[in-house]
Amino acid sequence: MVNQAYLDKRKYGERVYELLDNYDSALLVHCDNVGSKQFMDIRTALRPNSVVLMGKNTLMRKIIGNYCDEKGNNDWMVLHDLLIGNVGVIFTKEDVKEVKTKVSEFVVPAPAKVGSTATCDVTIPAGVTPLEPSQTGFFQLLNIATKINKGAIEILSDVTVVTKGERVGSSAAALLGKMKITPFEYGLVVKHIYDKGSMYPAAVLDITDEQLAAKFAAGVSNIASISLATKYPTLAAVPHYIVNSYKNVLAISIGTEYTFELAQKVKDYLADPSAFQSAGGGGGGGGGGDKPAAAAAAPVEEEEEEEDMGFDLFD
């Protein structure tokens, strides 16, 4: 008689093989404190283009290792090495960012249980609580300053009773329970993304186009700076070479008799800056006549045409 456990493992292995054959993208998720109802809702929401795979880590690693050996392709081994702890895999043909967004929608509030690891800081705000004066002992155990106000306990200042990453103590759990505070939310947490043999942290999906553009601009600026400092020409430094060369030619022209059109504009300005100033004035009254007005208008027109001093390299 064939062992049923063996048949179950073989069927599970065939399913994993099929998923590895048909999908190029996957999300590695942590599943701590996730209930069966949540799993069912998530599976339903992700169908038909995504599949949630759960199982024992040792069995999953063995199947993936065998698959890579048989196929002669180690792309999936990056996932094999991360199957540690309470984890699962979501195989998908959709955009991984959209899948991550869908998964994050299925969270449920949860109380602070004794011994559980806090997923966030929990702060009780200052103010009157619903607890009676007989409950002051809980606050004293946590060194929280209180006073009695109209027959209820009042907290004098905000206080953090649980810190993210630390285990919840019995006193903190009891106090939060009495105050009916459910500080935590549990759901599938996407940790890593697999894409055609590459594995990267899920935080990469939160990077915006604006952040990428800013990083790229900073990189180009650094390359240009290094290029100029080492006198090693690069494409990023070409505009700076052109501008610096033009400045050198302009300086030589100003210091010698040699001139050209753009340099002459600078020389004219240095020789008589007042010629480039606005000639509008405050508008004296009355008797100027047409010719003085025309003479005053001429410098204004010249300034409007040459307002940028003619420093455009591409005139």
# chains A, B, ... in the order shown; residues from 1 in each chain; ligands from 1
$ select_by_dssp --residues "region 86-163 of chain A" --states "alpha helix (DSSP H)" --output "CSV table (one decimal) with N, CA, C and O atoms, in the first residue's frame"
chain,number,residue,atom,x,y,z
A,96,VAL,N,4.0,43.4,-10.2
A,96,VAL,CA,4.3,43.0,-8.8
A,96,VAL,C,3.9,44.2,-7.8
A,96,VAL,O,3.5,43.9,-6.7
A,97,LYS,N,3.9,45.4,-8.3
A,97,LYS,CA,3.5,46.5,-7.4
A,97,LYS,C,2.0,46.5,-7.2
A,97,LYS,O,1.6,46.8,-6.1
A,98,GLU,N,1.3,46.1,-8.2
A,98,GLU,CA,-0.2,46.0,-8.0
A,98,GLU,C,-0.5,44.9,-7.0
A,98,GLU,O,-1.4,45.0,-6.2
A,99,VAL,N,0.2,43.8,-7.2
A,99,VAL,CA,-0.1,42.7,-6.3
A,99,VAL,C,0.3,43.0,-4.8
A,99,VAL,O,-0.5,42.7,-3.9
A,100,LYS,N,1.4,43.7,-4.7
A,100,LYS,CA,1.8,44.2,-3.3
A,100,LYS,C,0.7,45.1,-2.7
A,100,LYS,O,0.4,45.0,-1.5
A,101,THR,N,0.1,46.0,-3.5
A,101,THR,CA,-0.9,46.9,-3.1
A,101,THR,C,-2.2,46.1,-2.7
A,101,THR,O,-2.8,46.4,-1.6
A,102,LYS,N,-2.5,45.1,-3.5
A,102,LYS,CA,-3.7,44.3,-3.1
A,102,LYS,C,-3.5,43.6,-1.8
A,102,LYS,O,-4.4,43.5,-1.0
A,103,VAL,N,-2.4,43.0,-1.6
A,103,VAL,CA,-2.1,42.2,-0.4
A,103,VAL,C,-2.2,43.1,0.8
A,103,VAL,O,-2.7,42.7,1.9
A,104,SER,N,-1.6,44.3,0.7
A,104,SER,CA,-1.6,45.2,1.8
A,104,SER,C,-3.0,45.7,2.3
A,104,SER,O,-3.2,46.2,3.4
A,136,THR,N,-5.3,52.1,39.0
A,136,THR,CA,-4.1,52.8,39.0
A,136,THR,C,-2.8,51.9,39.1
A,136,THR,O,-1.7,52.3,38.7
A,137,GLY,N,-3.0,50.7,39.6
A,137,GLY,CA,-1.8,49.8,39.7
A,137,GLY,C,-1.2,49.5,38.4
A,137,GLY,O,0.1,49.4,38.3
A,138,PHE,N,-2.0,49.4,37.3
A,138,PHE,CA,-1.4,49.1,36.0
A,138,PHE,C,-0.5,50.2,35.6
A,138,PHE,O,0.6,50.0,35.0
A,139,PHE,N,-0.9,51.5,35.8
A,139,PHE,CA,-0.1,52.6,35.4
A,139,PHE,C,1.2,52.7,36.2
A,139,PHE,O,2.2,53.1,35.7
A,140,GLN,N,1.1,52.4,37.5
A,140,GLN,CA,2.2,52.4,38.4
A,140,GLN,C,3.3,51.4,37.9
A,140,GLN,O,4.5,51.7,38.0
A,141,LEU,N,2.9,50.2,37.5
A,141,LEU,CA,3.8,49.2,37.0
A,141,LEU,C,4.6,49.7,35.8
A,141,LEU,O,5.8,49.3,35.6
$ select_by_dssp --residues "region 72-269 of chain A" --states "strand (DSSP E or B)" --output "ChimeraX atom specification"
/A:87-92,108-110,117,122-124,127-128,146-149,152-155,159-162,167,184-186,189-195,198-201
$ atom_distance --atom1 "CA of Gln135 (chain A)" --atom2 "CA of Lys180 (chain A)"
14.1 Å
$ closest_residue --among "A:Val108, A:Met40, A:Ala217, A:Met60" --to "Tyr12 (chain A)" --atoms "only C-alpha atoms"
A:Met60
$ residues_around --residues "Tyr67 (chain A)" --least-positions-apart "5" --cutoff "10 Å" --atoms "only C-alpha atoms" --output "short mmCIF file (atom, residue, chain, number, x, y, z; two decimals) with all heavy atoms, in the first residue's frame"
data_model
loop_
_atom_site.label_atom_id
_atom_site.label_comp_id
_atom_site.auth_asym_id
_atom_site.auth_seq_id
_atom_site.Cartn_x
_atom_site.Cartn_y
_atom_site.Cartn_z
N GLY A 13 4.77 18.51 -4.87
CA GLY A 13 5.95 18.77 -5.68
C GLY A 13 5.59 19.03 -7.13
O GLY A 13 6.17 19.92 -7.78
N VAL A 16 4.33 22.55 -7.40
CA VAL A 16 5.41 23.53 -7.34
C VAL A 16 6.18 23.57 -8.67
O VAL A 16 6.50 24.64 -9.18
CB VAL A 16 6.38 23.23 -6.17
CG1 VAL A 16 7.56 24.20 -6.19
CG2 VAL A 16 5.64 23.34 -4.83
N TYR A 17 6.45 22.41 -9.24
CA TYR A 17 7.12 22.35 -10.54
C TYR A 17 6.33 23.13 -11.60
O TYR A 17 6.90 23.87 -12.41
CB TYR A 17 7.27 20.89 -10.98
CG TYR A 17 8.58 20.25 -10.61
CD1 TYR A 17 9.04 20.28 -9.29
CD2 TYR A 17 9.36 19.62 -11.55
CE1 TYR A 17 10.22 19.68 -8.92
CE2 TYR A 17 10.56 19.02 -11.21
CZ TYR A 17 10.99 19.05 -9.89
OH TYR A 17 12.19 18.46 -9.54
N LEU A 20 6.77 26.89 -11.02
CA LEU A 20 8.10 27.33 -11.41
C LEU A 20 8.25 27.38 -12.92
O LEU A 20 8.99 28.22 -13.46
CB LEU A 20 9.16 26.42 -10.80
CG LEU A 20 9.22 26.37 -9.27
CD1 LEU A 20 10.27 25.35 -8.81
CD2 LEU A 20 9.53 27.74 -8.69
N ASP A 21 7.55 26.50 -13.61
CA ASP A 21 7.60 26.48 -15.08
C ASP A 21 6.83 27.64 -15.70
O ASP A 21 7.25 28.20 -16.72
CB ASP A 21 7.02 25.16 -15.61
CG ASP A 21 8.02 24.01 -15.55
OD1 ASP A 21 9.23 24.28 -15.57
OD2 ASP A 21 7.57 22.85 -15.47
N ARG A 61 12.16 24.06 -0.11
CA ARG A 61 13.56 24.21 -0.52
C ARG A 61 14.04 22.97 -1.29
O ARG A 61 14.76 23.08 -2.29
CB ARG A 61 14.45 24.47 0.70
CG ARG A 61 14.33 25.87 1.27
CD ARG A 61 15.52 26.20 2.17
NE ARG A 61 15.54 25.33 3.34
CZ ARG A 61 14.99 25.65 4.51
NH1 ARG A 61 14.37 26.81 4.66
NH2 ARG A 61 15.07 24.83 5.54
N LYS A 62 13.65 21.80 -0.80
CA LYS A 62 14.06 20.57 -1.47
C LYS A 62 13.51 20.50 -2.88
O LYS A 62 14.22 20.13 -3.83
CB LYS A 62 13.61 19.35 -0.65
CG LYS A 62 14.06 18.02 -1.25
CD LYS A 62 13.63 16.85 -0.37
CE LYS A 62 14.11 15.53 -0.98
NZ LYS A 62 13.72 14.37 -0.15
N GLY A 72 18.76 22.36 -14.96
CA GLY A 72 20.06 22.96 -15.25
C GLY A 72 20.02 24.48 -15.24
O GLY A 72 20.79 25.15 -15.93
N ASN A 73 19.13 25.03 -14.44
CA ASN A 73 18.93 26.49 -14.36
C ASN A 73 18.75 26.87 -12.90
O ASN A 73 17.81 26.41 -12.24
CB ASN A 73 17.71 26.90 -15.18
CG ASN A 73 17.53 28.40 -15.26
OD1 ASN A 73 18.08 29.15 -14.46
ND2 ASN A 73 16.74 28.85 -16.23
N ASN A 74 19.64 27.69 -12.39
CA ASN A 74 19.63 28.04 -10.96
C ASN A 74 18.93 29.37 -10.67
O ASN A 74 19.14 29.96 -9.59
CB ASN A 74 21.06 28.10 -10.42
CG ASN A 74 21.68 26.73 -10.33
OD1 ASN A 74 21.00 25.73 -10.07
ND2 ASN A 74 22.99 26.66 -10.55
N TRP A 76 15.91 30.09 -9.79
CA TRP A 76 15.02 30.06 -8.63
C TRP A 76 15.77 29.82 -7.32
O TRP A 76 15.15 29.87 -6.25
CB TRP A 76 13.95 29.00 -8.80
CG TRP A 76 12.86 29.39 -9.76
CD1 TRP A 76 12.69 28.98 -11.05
CD2 TRP A 76 11.78 30.30 -9.49
NE1 TRP A 76 11.58 29.57 -11.60
CE2 TRP A 76 10.99 30.38 -10.66
CE3 TRP A 76 11.39 31.05 -8.38
CZ2 TRP A 76 9.85 31.17 -10.75
CZ3 TRP A 76 10.25 31.84 -8.46
CH2 TRP A 76 9.50 31.90 -9.64
N MET A 77 17.08 29.57 -7.37
CA MET A 77 17.82 29.31 -6.14
C MET A 77 17.89 30.54 -5.23
O MET A 77 18.08 30.42 -4.02
CB MET A 77 19.23 28.82 -6.47
CG MET A 77 19.27 27.39 -7.01
SD MET A 77 18.54 26.18 -5.88
CE MET A 77 19.73 26.20 -4.55
#
$ decode --residues "region 228-265 of chain A" --atoms "N, CA and C atoms" --output "PDB file, in the first residue's frame"
ATOM      1  N   LEU A 228      35.799  66.748 -14.649  1.00  0.00           N
ATOM      2  CA  LEU A 228      36.470  68.045 -14.689  1.00  0.00           C
ATOM      3  C   LEU A 228      37.710  68.057 -13.794  1.00  0.00           C
ATOM      4  N   ALA A 229      37.621  67.401 -12.634  1.00  0.00           N
ATOM      5  CA  ALA A 229      38.741  67.398 -11.699  1.00  0.00           C
ATOM      6  C   ALA A 229      39.916  66.578 -12.215  1.00  0.00           C
ATOM      7  N   THR A 230      39.612  65.495 -12.932  1.00  0.00           N
ATOM      8  CA  THR A 230      40.680  64.609 -13.429  1.00  0.00           C
ATOM      9  C   THR A 230      41.059  64.890 -14.880  1.00  0.00           C
ATOM     10  N   LYS A 231      40.319  65.851 -15.491  1.00  0.00           N
ATOM     11  CA  LYS A 231      40.554  66.191 -16.909  1.00  0.00           C
ATOM     12  C   LYS A 231      40.352  64.972 -17.817  1.00  0.00           C
ATOM     13  N   TYR A 232      39.429  64.115 -17.408  1.00  0.00           N
ATOM     14  CA  TYR A 232      39.073  62.953 -18.227  1.00  0.00           C
ATOM     15  C   TYR A 232      37.724  63.250 -18.876  1.00  0.00           C
ATOM     16  N   PRO A 233      37.669  63.400 -20.207  1.00  0.00           N
ATOM     17  CA  PRO A 233      36.427  63.830 -20.865  1.00  0.00           C
ATOM     18  C   PRO A 233      35.335  62.766 -20.796  1.00  0.00           C
ATOM     19  N   THR A 234      34.142  63.198 -20.451  1.00  0.00           N
ATOM     20  CA  THR A 234      32.954  62.347 -20.472  1.00  0.00           C
ATOM     21  C   THR A 234      31.804  63.146 -21.065  1.00  0.00           C
ATOM     22  N   LEU A 235      30.761  62.437 -21.463  1.00  0.00           N
ATOM     23  CA  LEU A 235      29.606  63.112 -22.054  1.00  0.00           C
ATOM     24  C   LEU A 235      28.953  64.063 -21.059  1.00  0.00           C
ATOM     25  N   ALA A 236      28.940  63.696 -19.773  1.00  0.00           N
ATOM     26  CA  ALA A 236      28.315  64.548 -18.762  1.00  0.00           C
ATOM     27  C   ALA A 236      29.050  65.868 -18.590  1.00  0.00           C
ATOM     28  N   ALA A 237      30.358  65.879 -18.897  1.00  0.00           N
ATOM     29  CA  ALA A 237      31.155  67.090 -18.686  1.00  0.00           C
ATOM     30  C   ALA A 237      31.231  67.982 -19.920  1.00  0.00           C
ATOM     31  N   VAL A 238      30.729  67.525 -21.066  1.00  0.00           N
ATOM     32  CA  VAL A 238      30.844  68.305 -22.310  1.00  0.00           C
ATOM     33  C   VAL A 238      30.247  69.707 -22.179  1.00  0.00           C
ATOM     34  N   PRO A 239      29.023  69.875 -21.641  1.00  0.00           N
ATOM     35  CA  PRO A 239      28.498  71.244 -21.508  1.00  0.00           C
ATOM     36  C   PRO A 239      29.390  72.136 -20.664  1.00  0.00           C
ATOM     37  N   HIS A 240      30.002  71.584 -19.616  1.00  0.00           N
ATOM     38  CA  HIS A 240      30.889  72.382 -18.764  1.00  0.00           C
ATOM     39  C   HIS A 240      32.168  72.775 -19.510  1.00  0.00           C
ATOM     40  N   TYR A 241      32.699  71.851 -20.327  1.00  0.00           N
ATOM     41  CA  TYR A 241      33.882  72.175 -21.141  1.00  0.00           C
ATOM     42  C   TYR A 241      33.571  73.323 -22.098  1.00  0.00           C
ATOM     43  N   ILE A 242      32.408  73.281 -22.715  1.00  0.00           N
ATOM     44  CA  ILE A 242      32.039  74.328 -23.684  1.00  0.00           C
ATOM     45  C   ILE A 242      31.915  75.681 -22.991  1.00  0.00           C
ATOM     46  N   VAL A 243      31.207  75.681 -21.850  1.00  0.00           N
ATOM     47  CA  VAL A 243      31.014  76.945 -21.123  1.00  0.00           C
ATOM     48  C   VAL A 243      32.351  77.495 -20.627  1.00  0.00           C
ATOM     49  N   ASN A 244      33.190  76.611 -20.048  1.00  0.00           N
ATOM     50  CA  ASN A 244      34.488  77.072 -19.546  1.00  0.00           C
ATOM     51  C   ASN A 244      35.377  77.578 -20.671  1.00  0.00           C
ATOM     52  N   SER A 245      35.347  76.919 -21.816  1.00  0.00           N
ATOM     53  CA  SER A 245      36.146  77.363 -22.965  1.00  0.00           C
ATOM     54  C   SER A 245      35.662  78.718 -23.464  1.00  0.00           C
ATOM     55  N   TYR A 246      34.346  78.878 -23.503  1.00  0.00           N
ATOM     56  CA  TYR A 246      33.804  80.175 -23.926  1.00  0.00           C
ATOM     57  C   TYR A 246      34.223  81.287 -22.966  1.00  0.00           C
ATOM     58  N   LYS A 247      34.216  80.993 -21.672  1.00  0.00           N
ATOM     59  CA  LYS A 247      34.656  81.994 -20.695  1.00  0.00           C
ATOM     60  C   LYS A 247      36.117  82.388 -20.928  1.00  0.00           C
ATOM     61  N   ASN A 248      36.946  81.393 -21.246  1.00  0.00           N
ATOM     62  CA  ASN A 248      38.363  81.682 -21.506  1.00  0.00           C
ATOM     63  C   ASN A 248      38.532  82.564 -22.740  1.00  0.00           C
ATOM     64  N   VAL A 249      37.813  82.227 -23.816  1.00  0.00           N
ATOM     65  CA  VAL A 249      37.891  83.032 -25.048  1.00  0.00           C
ATOM     66  C   VAL A 249      37.385  84.454 -24.787  1.00  0.00           C
ATOM     67  N   LEU A 250      36.308  84.567 -24.031  1.00  0.00           N
ATOM     68  CA  LEU A 250      35.752  85.874 -23.712  1.00  0.00           C
ATOM     69  C   LEU A 250      36.741  86.703 -22.892  1.00  0.00           C
ATOM     70  N   ALA A 251      37.415  86.055 -21.918  1.00  0.00           N
ATOM     71  CA  ALA A 251      38.396  86.779 -21.092  1.00  0.00           C
ATOM     72  C   ALA A 251      39.569  87.269 -21.938  1.00  0.00           C
ATOM     73  N   ILE A 252      40.026  86.433 -22.880  1.00  0.00           N
ATOM     74  CA  ILE A 252      41.130  86.847 -23.759  1.00  0.00           C
ATOM     75  C   ILE A 252      40.712  88.023 -24.623  1.00  0.00           C
ATOM     76  N   SER A 253      39.487  87.974 -25.150  1.00  0.00           N
ATOM     77  CA  SER A 253      39.005  89.052 -25.998  1.00  0.00           C
ATOM     78  C   SER A 253      38.914  90.367 -25.238  1.00  0.00           C
ATOM     79  N   ILE A 254      38.429  90.308 -23.993  1.00  0.00           N
ATOM     80  CA  ILE A 254      38.300  91.532 -23.191  1.00  0.00           C
ATOM     81  C   ILE A 254      39.677  92.105 -22.857  1.00  0.00           C
ATOM     82  N   GLY A 255      40.676  91.236 -22.679  1.00  0.00           N
ATOM     83  CA  GLY A 255      42.011  91.702 -22.317  1.00  0.00           C
ATOM     84  C   GLY A 255      42.883  92.101 -23.494  1.00  0.00           C
ATOM     85  N   THR A 256      42.400  91.890 -24.718  1.00  0.00           N
ATOM     86  CA  THR A 256      43.184  92.225 -25.917  1.00  0.00           C
ATOM     87  C   THR A 256      42.332  93.041 -26.880  1.00  0.00           C
ATOM     88  N   GLU A 257      42.930  93.361 -28.029  1.00  0.00           N
ATOM     89  CA  GLU A 257      42.215  94.111 -29.052  1.00  0.00           C
ATOM     90  C   GLU A 257      41.311  93.206 -29.890  1.00  0.00           C
ATOM     91  N   TYR A 258      41.533  91.897 -29.797  1.00  0.00           N
ATOM     92  CA  TYR A 258      40.730  90.968 -30.591  1.00  0.00           C
ATOM     93  C   TYR A 258      39.291  90.982 -30.093  1.00  0.00           C
ATOM     94  N   THR A 259      38.360  90.956 -31.023  1.00  0.00           N
ATOM     95  CA  THR A 259      36.954  90.978 -30.631  1.00  0.00           C
ATOM     96  C   THR A 259      36.113  90.144 -31.587  1.00  0.00           C
ATOM     97  N   PHE A 260      34.931  89.816 -31.151  1.00  0.00           N
ATOM     98  CA  PHE A 260      33.914  89.186 -31.990  1.00  0.00           C
ATOM     99  C   PHE A 260      32.567  89.647 -31.467  1.00  0.00           C
ATOM    100  N   GLU A 261      31.489  89.279 -32.161  1.00  0.00           N
ATOM    101  CA  GLU A 261      30.190  89.898 -31.900  1.00  0.00           C
ATOM    102  C   GLU A 261      29.760  89.806 -30.442  1.00  0.00           C
ATOM    103  N   LEU A 262      29.789  88.592 -29.866  1.00  0.00           N
ATOM    104  CA  LEU A 262      29.324  88.429 -28.487  1.00  0.00           C
ATOM    105  C   LEU A 262      30.249  89.120 -27.501  1.00  0.00           C
ATOM    106  N   ALA A 263      31.578  89.076 -27.780  1.00  0.00           N
ATOM    107  CA  ALA A 263      32.534  89.741 -26.889  1.00  0.00           C
ATOM    108  C   ALA A 263      32.384  91.247 -26.950  1.00  0.00           C
ATOM    109  N   GLN A 264      32.048  91.772 -28.126  1.00  0.00           N
ATOM    110  CA  GLN A 264      31.923  93.217 -28.274  1.00  0.00           C
ATOM    111  C   GLN A 264      30.797  93.756 -27.411  1.00  0.00           C
ATOM    112  N   LYS A 265      29.734  92.978 -27.250  1.00  0.00           N
ATOM    113  CA  LYS A 265      28.635  93.426 -26.393  1.00  0.00           C
ATOM    114  C   LYS A 265      29.093  93.583 -24.949  1.00  0.00           C
TER     115      LYS A 265
END
